[in-house]
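Engineer: There's a structure below that I have some questions on.
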There are 2 protein chains.
Amino acid sequence: MEHKETAPSQGSFAAGAGIIGDTDSKQGSTMTLQRLAALRSLMATQPTALAAYIIPTADAHNSEYIAQADARREWITGFTGSAGTAVVTAAHALVWTDGRYYTQFEKEADTALWTLMRQSLPDTPTMEKWLTANLDAGSVVGADPHTMSREEWTPLQNALKKAKMDLIAVSNNLVDQARVQMKDPPPPRPHNEIMPLPVKYTGKAAGKKIEELREKMKEKKASALVITALDEVAYTLNLRGSDIQYNPVFFSYLVLTQGGVKLFWGDGKLSKEVVEHLASEGAKVEGCPYGGIVDHLHSMAKELSECGDGDHSIWLTSDGSEAVHRAAAGEGVLKKPLDLISEVSPVALAKLIKNEVELQGFRDCHVRDGIAVVRFFRWLHSEIDGGATVTEIQAADRLLEFRKEEVDFLGPSFETIAGAGENGAIIHYSPSRTGEQRVIKKDDMFLLDSGGQYRDGTTDITRTRHMSGNPTAEQKEAFTRVLKGQMGIGGALFPQGVKGNVLDSLARLHLWRVGLDYAHGTGHGVGHCLNVHEGPSGVSWRPYAHDPGLRPRQLLSNEPGFYKVGEYGIRHEDLVETVAITKESEHPRASGLVGDFDGRGVLGFSTLTLVPNQWECIDVTMLDDFEIAYIESYNARVLETLGPVLEERGLAEDLAWLRVQCRRRP
Amino acid sequence: MEHKETAPSQGSFAAGAGIIGDTDSKQGSTMTLQRLAALRSLMATQPTALAAYIIPTADAHNSEYIAQADARREWITGFTGSAGTAVVTAAHALVWTDGRYYTQFEKEADTALWTLMRQSLPDTPTMEKWLTANLDAGSVVGADPHTMSREEWTPLQNALKKAKMDLIAVSNNLVDQARVQMKDPPPPRPHNEIMPLPVKYTGKAAGKKIEELREKMKEKKASALVITALDEVAYTLNLRGSDIQYNPVFFSYLVLTQGGVKLFWGDGKLSKEVVEHLASEGAKVEGCPYGGIVDHLHSMAKELSECGDGDHSIWLTSDGSEAVHRAAAGEGVLKKPLDLISEVSPVALAKLIKNEVELQGFRDCHVRDGIAVVRFFRWLHSEIDGGATVTEIQAADRLLEFRKEEVDFLGPSFETIAGAGENGAIIHYSPSRTGEQRVIKKDDMFLLDSGGQYRDGTTDITRTRHMSGNPTAEQKEAFTRVLKGQMGIGGALFPQGVKGNVLDSLARLHLWRVGLDYAHGTGHGVGHCLNVHEGPSGVSWRPYAHDPGLRPRQLLSNEPGFYKVGEYGIRHEDLVETVAITKESEHPRASGLVGDFDGRGVLGFSTLTLVPNQWECIDVTMLDDFEIAYIESYNARVLETLGPVLEERGLAEDLAWLRVQCRRRP
C-alpha cells in the first residue's frame, strides 16, 4: 500500500480514507457550532486561558491509524479524512490537511465555521507560522501532550517562545471534556483480547528479545526503557491484538528495567493464555492498568532522582509523546527533572532486520497471498468478459473471500483500494459502501492495492490491469514506464548501508524522461504480522531521518506509479527483501560483479510478491534485454511456485489462466 | 574539480593537498615539542585554565582554502594536509583527518607526540565524543570563536554541557600567541589590491545588488545584514582580489543597513579605482579597517538595544563565525544579548542563480578554455608519441601556458591534478615540485583535473586519456561505465525544485551494477569568476542542508569517477548549466516530453565544457542508441564551436587532431 508522504509534524504515515467510517452527509451546522462553543468555553476557563487549542489526528502512541476513541479531530470538525490538524481560537477554527482531502473537507465540514488550510500549497502558512502571526504576544496555546510526540512538541514550543508566546500541556483532553459535557462521550478505548504469536512464527522468544534489549540498555547506561509504540510492544512480547483496524496491535505501554517488565494494558489483568505464553517464552511480565503509566513513570523518576546516580537515565523513543517524556523526566514531581535518553527506539531497529523464521514466513504467506490474488483476477476477468456487473466494492469483497480461504489469514492489512478508471487516479481512494457504486467496465484500467495479515507475515500488493487487455497506446506507455521504474529498483545493486533515499530516483527515471512523476514515495518498510507501514527505513526523495542505512533482511515495498487525473491510475507494487549479493547469488546481475564496494558489501532485492503483470499492457519495444529477461524469469518463478499449489487444489481453470499470464513475451 | 565530502563540522569543502606549500621533510621533534609546550603553557595560564584547546583548519570567513596567516593547525602539528582538526590537552595531542591524509600525516607529523584520529573509520570517536569521554566533568575546552561557525559551535557546546563541561571562546588565538612568543609570528594577513569587475562581466551593478538585498532585509525586518563569506562580499560589490590562492577574493566583511554600506578591509582606505567603480555602479560604500568589525558590531548591537524596537534584528548567515554572531548579538556588551536572524545568506541564494551576462560569460570562457585544453592534449600526445619525457608537473605547467594565451584569463581555479597511472587513483593528488618526478608513460591512463579563472567565468574540467589509446579491457569498461553515469546526469530530465541529491545515484548506477563506486560527490556548484566550489546546491548522496532545490540558471559540475588504487584513476568532469526544458528546447529528450510535472516545470542540463573524450577508451558495445547519439552530437558541437577558432588562429595541427577526436563512432 502506497502512502503519500506528508511532513512528519502532520503525521508521518497518512492512512487511507474511511478508516473512521463513512459519513456522506455534512454534520449539522448547529451541532458543529455547539461543539465549537463547548470547546471555546473550556479553553476560556482553563487555569491559564488558552488563545488557541490544537487537535491533531493522533493517539498517545503516535499510531498511523487511530481508533474511534481517539477520533477527536473528526468529532470537532465533522471532517472524517485520516490526516489533518485542527486549531481553534476564539475567532477562528481551521484545519490543515493535504491535497487528498480538499474535496472531502468541503463536503463534510461546515465551511462557514471551519477554514481549510491547504497545506500542499506553497502560500499556505504552516500551523506554527499561522499561530505566531495571528495571536498576540503573551498568548498561551494549549494541546494534549499525549497527542503530540516530543519531536513535534519541542520545535513548536521553541517557535512560540521566540514569538513571546507559550505552548502548554493540557493533559485532560478538552475535546473529550466537551464530548462528556454534551452527553456524547467518546467511545471507551478498546482493550480486546490479546493473542499470543508462537515462536514458530516469530522466530525469537519474548524472553530472548527482552534479554537483548537489556544488553542495549546496559550499553546506554539506561536503567529503564519505555516502549510506547503499539507495534513495538506487540513485537517485543510476541503478542497481537485487534484494537486498531488492520493493525494487529493493542493499546499498551511496556516498561523494561533490569529487574522486571511491566505491561500497561486494560485493567492490568493478563489472561491465563497470555501469562502461559509469556512464561513459556521466558518472559516475566507484570500486568499493570493501562491508565497507570504516568503515575508509574513519576515514581520511577523519583526513585532514580533519590538514588542520586547521574549515570542512569530513562530511555524513551524520540517519537514518544510529550506526555510520556514529561512523566519520565519527573516534570511536576521533581524539582530538577531528569535528563532522558530520547532516540530512535532499539525495538524499531531490532524489528527492522527480520530473522530467518520471519523471512521464511514472509516468503510462505506471499505464496498463499499470490494464490488468492491470482484466483481473484481470473474470476474478475471471467465475470466481466461474461458481461456480469461487478462494482469496486464487490470486487474488494470477493478478494477478501479468496484470502479467507488461505491458512493463517487474519484479515486485510489495510482497506482495499479498488479503483476502476478515473478512481484509479485518486491515490488514496477506497470505494465507499454507501452512495452510487462504480461498476468496473471492460475498457477500464483497474488498480487494485490490497494486502493481508497472516500469522507468518504481512502482504501488500498492487496490480493494475486493463479489463479487456486493450489499453490505449498512452496507457501502455505509462504502464511500461512505471514497470521499468519498478525493475530499476528490483534489479538494482548498491552498497550496503546507503539510505533508501538514494534509490528513489531509479524508480522515477523513466517517467521523468517524459515529464511525468508520481506524488508519493517509492517504498515503505513492512512489519511482520504487524503494521503494513513500518519505519525507520523507506525509499523516497524525502529524507527518512532515522533510517540507519539498508542492510540485508529488511522488508520494503517497491511501488512506483502514475496517475492521470480523471482518467486512470497505474501502480505496480511488490514487497521485496533486501539480500546480500555475491557473485554466486541468484540475482540477474550477480555474475557480473567485479567488486564488493571495497568491502562494504553488495545489496540487492529479492521480490516476494507473486502475481504476474499483463503482457497486453506492456510495450515490449520500450524494454531492453535485461528487462525482458527480468519479466520472463519472474513469470517463470510465479508459475513454478503457484502452479503446483493450484494443481494440488484442483483449481484447473485458475492454473490455465496463470499459465497464459506467465507466458514468455508475445 | 572533485571534492571529497567530509562532515560539515570537519570543513565542508575539503581542498586539494599542497595549498599551504610542500614540506617533504618531517618537522623536527624538538621544535614540535617546543611549540606544543608553548601552547600548553598558554592553556594553563588562561583566566580559566583550559583542559583542551581546539585548532580547526579554518579562517574567520569559513573559507574552503585558507591563507598562510590562518595556517595554525599546520604550524602546531607539522602536518600540511588541507583538512584536519587538532586537539591539544595536557596529556594528548590529536589530529582528526580523513583517508586522503593518513599517509601524509604519518610522514609529516611527529607521531611520538601526535595521535592520528582516522575519521573515516567507523570505530574512531568523533572529536566531540573523544572530549566528553576523556576529560573530567567540570573541564573547560577553549577554541578561537573566529575559527568555528555557529553551526559548528552550538552542537559542540551542547554536547560538552550535557557532559558537565564547557566550551569557551578564546578570542586571542593561542597558536598565534605561541608563535609570537617563539619569535615565529604568523605572516601578516594579506590585503592585496582589489580589482573591479566591470558590469559587462557581472551583468548587475553593485548598487542594484545592494538594493535587492535591502528589499530582502525589509521582508525579514532585519535592520542590518552582515556578510562574512569572502566570495559573497566580492560578488555583492563586483570586486575581486587575490588574498587566497586560486580564489579571487579579499579578506573583508560587509555590513549593510538601509542607510549605508560598510566594507571592512585592510586599513579601510579604498583605492581611487575602487571608489570610482563603486560610485559608477551606484553603490555608496564606506571603507573601515578590517580589524574593526567586532567593535562595530558591538556598537550596532548597543544602538539597536537602546532603540528598543524588538522588531528589528541583525541578519547573519548561519555559517558565519561564532565570534561574529556573539559580537552582533552584543554578548559581553549588553545585559540581554539580542536575538539574531541566522540563516542561509541571501547573497548565497542570489549568486546561485546566474544572470544572463554571467551565463554568457561562462559559455564564452568555456570555448577559450576548451581551446587551451585541446591544444594541451594534442601537444601531450605528440610529445609522448615522439618519445619525449614529460613529467606530471611539466604537463601541468604547459597546460597553464596554453591557458595564459586566452583572453581574460586570470589564473588557475585550483591546483592542477595531473595524475598518471597509479597517481590518477589518488583522488586529491597534485604532483609535487620537489622529490622524484613521475613521468607520463605511453601505457598510462592520465587523469587531468584543472580549471581557470576568467573575468567572464570559471572553468573546471577533468578528462582521462590513455596515452597510447590502448587501454586494457578492464580500463575501457570502467571508463565507459563512468561515462554512462556522466551521460545519465547530463541527459536527465527531472522536476524543477528537487534537491541535487536525488540525481546522485543516476551517476553511480552503472558502476553499482558491478559493485564499483567512487568515494566523492557527483557535483558541486561553481562561482562566477569566484570560488570553484560554491554552495548551497550540489549533487551527492549526502544531504546539502541549505540547497533550496535546483532551478534554471545554476552552474554545477558533473563528475563521476572510478579509482583503482595503485593502478589508475578515471574521472569525467564537465560543467553544466541548469536549463528549463520544454518540447521546443534543444535537448535530446525535449521532443519526447508529454508532461511538465503538473506545472512544476522540467529541468535539464546543458554542458558547457568543450573537450572530446577518446573513442579508444569507450566500449561502444556497452552504449545504447541514446548514448551513442549523445556522444556524437556532443563531439559535433565541440568541433563546430572550437574548429573555427582554431582555424582563425591558424592552428592547423590542433584542428586536424580535434577533427579526429570528434569523429563519429568508429
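As shown in the C-alpha cells, the chain order sets the letters A, B, ...; within each chain, residues go from 1, and ligands are also counted from 1 in the order they appear.
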Mind checking which residues fall within 8 Å of Leu642 of chain B, counting only C-alpha atoms, ignoring those fewer than 6 positions away in the same chain, and posting them as a PyMOL selection string?
Structural biologist: chain B and resi 367+370-371+610
Engineer: May I have the selected residues written with N, CA and C atoms, as a PDB file, in the first residue's frame?
Structural biologist:
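Output file selection18.pdb is given in full below:
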```
ATOM      1  N   VAL B 367      34.652  28.145 -24.226  1.00  0.00           N
ATOM      2  CA  VAL B 367      35.206  27.990 -25.574  1.00  0.00           C
ATOM      3  C   VAL B 367      36.721  28.195 -25.505  1.00  0.00           C
ATOM      4  N   GLY B 370      38.341  25.435 -23.618  1.00  0.00           N
ATOM      5  CA  GLY B 370      38.358  24.223 -24.447  1.00  0.00           C
ATOM      6  C   GLY B 370      39.519  24.259 -25.427  1.00  0.00           C
ATOM      7  N   ILE B 371      39.740  25.423 -26.030  1.00  0.00           N
ATOM      8  CA  ILE B 371      40.878  25.573 -26.955  1.00  0.00           C
ATOM      9  C   ILE B 371      42.185  25.234 -26.232  1.00  0.00           C
ATOM     10  N   LEU B 610      33.916  21.867 -23.284  1.00  0.00           N
ATOM     11  CA  LEU B 610      34.038  21.530 -24.717  1.00  0.00           C
ATOM     12  C   LEU B 610      35.362  20.837 -25.019  1.00  0.00           C
TER      13      LEU B 610
END
```
Engineer: Using only C-alpha atoms and a distance of at most 10 Å, pull out the residues of chain A that contact chain B, as a PyMOL selection string.
Structural biologist: chain A and resi 162+339+474+488+491-495+498-499+501-506+508-519+540-543+581-583+589-604+624
Engineer: So that I can check the surroundings of Val233 of chain A, please list as an MDAnalysis selection string every protein, DNA and RNA residue that reaches within 12 Å of it, counting only C-alpha atoms and ignoring chain neighbours fewer than 5 positions away.
Structural biologist: chainID A and resid 61 194 206 209:210 225:228 238:241 248:256 261:265 345:348 351 530
Engineer: Name the residues of segment 193-333 of chain B that fall into alpha helix (DSSP H) according to DSSP on the backbone, using the chain letters and numbers of this document, as a VMD selection string.
Structural biologist: chain B and resid 199 to 202 206 to 220 230 to 237 272 to 280 293 to 307 322 to 329
Engineer: So how many Å separate atom CA of Thr57 of chain A and atom CA of Asp176 of chain A, to one decimal?
Structural biologist: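 Distance between the two atoms: 13.6 Å.
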Engineer: Taking the chain letters and numbering used in this document, name the residues of segment 221-388 of chain B that DSSP puts in strand (DSSP E or B), as a PyMOL selection string.
Structural biologist: chain B and resi 222-227+239-240+244+247+253-257+261-264+286-288+313-317+321+340-343
Engineer: What gap, in Å, lies between atom CA of Lys216 of chain B and atom CA of Val576 of chain B?
Structural biologist: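 Result for atom CA of Lys216 of chain B versus atom CA of Val576 of chain B: 28.8 Å, one decimal.
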Engineer: Which value, in Å to one decimal, gives the distance between atom CA of Ala163 of chain B and atom CA of Ala137 of chain B?
Structural biologist: 6.5 Å
Engineer: Could you tell me which of B:Leu36, B:Ile353, B:Met487, B:Val638 comes closest to His366 of chain B if we count only C-alpha atoms?
Structural biologist: B:Val638
Engineer: When you look at segment 290-306 of chain A with a cut-off of 12 Å (counting only C-alpha atoms), what residues show up, excluding the ones that are within fewer than 5 positions of it in the same chain? I need them as a PyMOL selection string.
Structural biologist: chain A and resi 60+145-146+171+189-191+222-228+250-257+262-270+311-316+321-340
Engineer: Find the residue from B:Leu121, B:Leu135, B:Ile244, B:Leu42 that sits nearest to Ala69 of chain B; use only C-alpha atoms when measuring.
Structural biologist: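 Comparing B:Leu121, B:Leu135, B:Ile244, B:Leu42 against Ala69 of chain B, the winner is B:Ile244.
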Engineer: Excluding Leu160 of chain A and residues on its chain fewer than 6 positions from it, collect all residues at most 7 Å away from it, counting only C-alpha atoms, and give them as a PDB file with C-alpha atoms, in the first residue's frame.
Structural biologist:
```
ATOM      1  CA  THR A 132       2.778  33.264  15.611  1.00  0.00           C
ATOM      2  CA  ASP A 166       3.836  29.705  25.081  1.00  0.00           C
ATOM      3  CA  LEU A 167       2.717  26.150  24.456  1.00  0.00           C
TER       4      LEU A 167
END
```
Engineer: Please provide as a PDB file with C-alpha atoms, in the first residue's frame all residues within 10 Å of Gln475 of chain B, with the sequence filter that same-chain residues fewer than 5 positions apart are discarded (counting only C-alpha atoms).
Structural biologist:
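Written file, around.pdb:
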```pdb
ATOM      1  CA  MET B 445      45.861   6.306 -18.110  1.00  0.00           C
ATOM      2  CA  HIS B 466      45.075   6.660 -22.327  1.00  0.00           C
ATOM      3  CA  ASN B 470      45.322   1.308 -25.966  1.00  0.00           C
ATOM      4  CA  THR B 480      32.602   3.546 -20.256  1.00  0.00           C
ATOM      5  CA  ARG B 481      30.646   2.963 -17.042  1.00  0.00           C
ATOM      6  CA  PHE B 562      36.350   5.353 -10.630  1.00  0.00           C
ATOM      7  CA  LYS B 564      41.635   1.523  -8.790  1.00  0.00           C
ATOM      8  CA  GLU B 567      46.771   1.277 -10.856  1.00  0.00           C
ATOM      9  CA  TYR B 568      44.748   4.087 -12.419  1.00  0.00           C
ATOM     10  CA  GLY B 569      42.003   6.655 -11.910  1.00  0.00           C
ATOM     11  CA  ILE B 570      39.190   7.742 -14.204  1.00  0.00           C
ATOM     12  CA  CYS B 617      38.665   4.277 -24.270  1.00  0.00           C
ATOM     13  CA  ILE B 618      34.934   3.758 -24.902  1.00  0.00           C
ATOM     14  CA  ASP B 619      33.414   0.310 -25.236  1.00  0.00           C
TER      15      ASP B 619
END
```
